[in-house]
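S.K.: Sharing a structure with you now.
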Amino acid sequence: MIIRKTPAELEKMRKAGLLVWRILDELRKKCQEGATTWDLEVAAEAMIRDAGAKPAFKGYFVPAAGERYPFVLCTSVNDEIVHGMPSPKRVLKSGDIVSIDTGVELDGYFGDSATTVAVGQVSEAAARLMAVTRESLELAIEQVRAGNRLFDVCGAVERHVLGNGFSIVREFVGHGIGTKLHEEPQVPNYVDRKNENPRLRPGMVLAIEPMVNAGGAELRVLSDKWTAVTKDGSYSAHFEHCVAVTENGPWVLTRP
Ligand code: MF3
Ligand code: CO
């Protein structure tokens, strides 16, 4: 069942969403050569606590890993797709692309967003990967309209990514979000006719999060049990927003 939020609940989700946006906006500026992904983690945790919120990821049990995730951020660099773990040993250098993904719980409601940031000067290919991934999210957001169906959202990502010669990660998907970080429905970045294709209704909120590889779609998980990397070593990009269905079209909760 897909839970529909009342306008008052959406206002709470908006507050959580704007906090996540503020954090990512601050971290973006810190993605400089010589900084570590641990610097990002420390800054994010301070901002979350200062806002009176709770980190959504830290301590969150992920069945696929069989463990609780230990940090407030996922920082996934270059060929890392998702669930890269912040570390004082991971020093950023020019040419890196860093996906920063975080979530918060504020007043009982969740916000979740990710962005991919270029460090210094990145290759033309990396810049194009980031642009196409970001565009695929924007095209999906446009489809978050009452009366449309879930596949309109999934298909918008898929068409744009494949049309530009990149590949789509299939093992990780977007999700509904509300009083839990992950609610129904799953929001894959591709259309699979075996899945359900519910009609979108006002009050539904989707976390849409394309994960796009420059090379092949295949991934493997490192021995740390978390870090998912591309099998072929190609770069991967990730953007995510929480989007509410309203009578007046899509409402992106995780940006101003
Ligand atoms: N953004 C991802 C998601 O929405 C990451 C959360 S999983 C965690 O599913 F392990 F980091 F908590
Ligand atoms: Co998410």
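Ordered as shown in the structure tokens, chains take letters A, B, and onward, while each chain numbers its residues from 1 and ligands are numbered from 1 in the order shown.
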For stretch 212-223 of chain A, please output as a short mmCIF file (atom, residue, chain, number, x, y, z; two decimals) with N, CA and C atoms, in the first residue's frame all residues within 7 Å (counting only C-alpha atoms; exclusion window: fewer than 2 positions along the same chain).
M.R.:
data_model
loop_
_atom_site.label_atom_id
_atom_site.label_comp_id
_atom_site.auth_asym_id
_atom_site.auth_seq_id
_atom_site.Cartn_x
_atom_site.Cartn_y
_atom_site.Cartn_z
N LEU A 129 28.56 12.15 -17.96
CA LEU A 129 27.86 11.15 -17.13
C LEU A 129 27.03 11.85 -16.05
N THR A 133 22.85 11.94 -15.94
CA THR A 133 22.19 11.38 -14.76
C THR A 133 21.27 12.42 -14.11
N PHE A 166 24.58 5.26 -21.75
CA PHE A 166 25.04 4.83 -20.42
C PHE A 166 24.19 3.68 -19.93
N SER A 167 24.55 3.11 -18.79
CA SER A 167 23.76 1.97 -18.30
C SER A 167 23.22 2.22 -16.91
N ILE A 168 22.17 1.49 -16.59
CA ILE A 168 21.37 1.70 -15.38
C ILE A 168 21.62 0.57 -14.39
N VAL A 169 21.93 0.96 -13.16
CA VAL A 169 22.10 -0.01 -12.09
C VAL A 169 20.74 -0.58 -11.73
N PRO A 210 18.26 7.92 -9.71
CA PRO A 210 19.02 7.22 -10.74
C PRO A 210 20.49 7.00 -10.36
N LYS A 225 31.45 -5.23 2.71
CA LYS A 225 30.03 -5.61 2.68
C LYS A 225 29.10 -4.48 2.27
N TRP A 226 29.62 -3.28 2.03
CA TRP A 226 28.77 -2.14 1.71
C TRP A 226 29.06 -1.55 0.34
N THR A 227 30.31 -1.19 0.11
CA THR A 227 30.63 -0.39 -1.08
C THR A 227 30.32 -1.15 -2.36
N ALA A 228 29.34 -0.63 -3.13
CA ALA A 228 29.02 -1.22 -4.43
C ALA A 228 29.82 -0.48 -5.49
N VAL A 229 30.58 -1.21 -6.29
CA VAL A 229 31.40 -0.61 -7.35
C VAL A 229 31.03 -1.21 -8.69
N THR A 230 31.34 -0.48 -9.76
CA THR A 230 31.09 -1.03 -11.09
C THR A 230 32.08 -2.17 -11.34
N LYS A 231 31.60 -3.23 -11.98
CA LYS A 231 32.47 -4.38 -12.24
C LYS A 231 33.61 -4.01 -13.17
N ASP A 232 33.33 -3.13 -14.13
CA ASP A 232 34.35 -2.79 -15.13
C ASP A 232 35.18 -1.57 -14.75
N SER A 234 34.29 1.43 -14.46
CA SER A 234 33.83 2.71 -15.03
C SER A 234 33.20 3.57 -13.93
N TYR A 235 33.15 4.88 -14.20
CA TYR A 235 32.58 5.82 -13.22
C TYR A 235 31.07 5.65 -13.14
N SER A 236 30.55 6.05 -11.98
CA SER A 236 29.11 5.96 -11.75
C SER A 236 28.63 7.26 -11.09
N ALA A 237 27.45 7.73 -11.47
CA ALA A 237 26.89 8.96 -10.89
C ALA A 237 25.53 8.67 -10.27
N HIS A 238 25.12 9.51 -9.31
CA HIS A 238 23.91 9.27 -8.53
C HIS A 238 23.32 10.61 -8.10
#
S.K.: What residues of the protein or nucleic acid chains come within 7 Å of ligand 2 when you use only C-alpha atoms and all ligand atoms? Reply as a ChimeraX atom specification.
M.R.: /A:112-113,174-175,207,209,240
S.K.: To one decimal place, how far is atom CA of A:Thr37 from atom CA of A:Pro86 in Å?
M.R.: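 It comes out at 4.8 Å.
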S.K.: Name each residue within 10 Å of ligand 1, counting only C-alpha atoms and all ligand atoms, as JSON, numbers by chain.
M.R.: {"A": [55, 56, 57, 58, 59, 60, 61, 62, 63, 64, 65, 67, 68, 69, 70, 71, 72, 73, 74, 75, 82, 83, 84, 85, 100, 101, 102, 103, 111, 112, 113, 114, 172, 173, 174, 175, 176, 177, 181, 182, 207, 208, 209, 226, 238, 239, 240, 241, 242]}
S.K.: Among stretch 6-147 of chain A, which ones does DSSP assign to strand (DSSP E or B) (computed from the backbone)? Answer as JSON, numbers by chain.
M.R.: {"A": [36, 54, 55, 61, 62, 67, 68, 73, 74, 75, 76, 77, 80, 81, 82, 91, 97, 98, 99, 100, 101, 102, 103, 104, 105, 106, 109, 110, 111, 112, 113, 114, 115, 116, 117, 118]}
S.K.: Excluding same-chain residues fewer than 6 positions from A:Phe151, what lies within 12 Å of it counting only C-alpha atoms, as a list in words?
M.R.: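 Listed by chain and then number, they are Ala140, Gln143, Val144, Arg145, Val157, Glu158, Arg159, Pro185, Gln186, Val187, Pro188, Asn189, Tyr190, Val191, Asp192, Arg193, Lys194, Asn195, Glu196, Asn197, Pro198, Arg199 and Leu200 of chain A.
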S.K.: Of the residues A:Arg149, A:Arg255, A:Arg170, A:Arg90, which is the one nearest to A:Asp25, using only C-alpha atoms?
M.R.: A:Arg255
S.K.: For the atom pair atom CA of A:Glu142 and atom CA of A:Pro250, what is the interatomic distance in Å to one decimal place?
M.R.: 6.6 Å
S.K.: Name all residues at most 7 Å from A:Asp96 (count only C-alpha atoms; drop same-chain ones fewer than 4 positions away) and give them as a list in words.
M.R.: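 Once the nearby chain positions are removed, what remains is Val77, Asn78, Leu92, Ala118, Val119 and Val122 of chain A.
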S.K.: Got time to write the residues from that selection, N, CA and C atoms, as an mmCIF file, in the first residue's frame?
M.R.:
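Full text of part_39.cif as output:
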data_model
loop_
_atom_site.group_PDB
_atom_site.id
_atom_site.type_symbol
_atom_site.label_atom_id
_atom_site.label_comp_id
_atom_site.auth_asym_id
_atom_site.auth_seq_id
_atom_site.Cartn_x
_atom_site.Cartn_y
_atom_site.Cartn_z
ATOM 1 N N VAL A 77 32.881 7.420 -4.465
ATOM 2 C CA VAL A 77 33.811 8.137 -5.341
ATOM 3 C C VAL A 77 34.073 7.329 -6.618
ATOM 4 N N ASN A 78 33.996 7.998 -7.757
ATOM 5 C CA ASN A 78 34.391 7.437 -9.061
ATOM 6 C C ASN A 78 33.638 6.152 -9.413
ATOM 7 N N LEU A 92 40.303 13.382 -1.437
ATOM 8 C CA LEU A 92 39.779 13.741 -2.760
ATOM 9 C C LEU A 92 40.863 14.403 -3.597
ATOM 10 N N ALA A 118 31.749 17.275 -8.768
ATOM 11 C CA ALA A 118 33.058 17.170 -9.427
ATOM 12 C C ALA A 118 34.111 17.831 -8.553
ATOM 13 N N VAL A 119 35.247 17.175 -8.377
ATOM 14 C CA VAL A 119 36.373 17.758 -7.636
ATOM 15 C C VAL A 119 37.367 18.314 -8.649
ATOM 16 N N VAL A 122 37.300 17.721 -13.950
ATOM 17 C CA VAL A 122 37.010 16.317 -14.283
ATOM 18 C C VAL A 122 36.995 16.127 -15.797
#
S.K.: By how many Å are atom CA of A:Lys180 and atom CA of A:Glu105 apart?
M.R.: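 That distance, rounded to one decimal, is 8.6 Å.
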S.K.: I'd like the contact shell of A:Gln121 - 12 Å cut-off, only C-alpha atoms, skipping same-chain residues fewer than 4 positions apart - returned as a PyMOL selection string.
M.R.: chain A and resi 31-33+92-97+117+125-127
S.K.: Counting only C-alpha atoms, which residue out of A:Gly178, A:Arg4, A:Lys89, A:Asp224 sits closest to A:Leu253?
M.R.: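 The closest residue to A:Leu253 is A:Gly178.
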S.K.: From a backbone DSSP assignment, name each residue in stretch 79-165 of chain A labelled alpha helix (DSSP H), as number ranges by chain.
M.R.: A: 124-142, 150-163
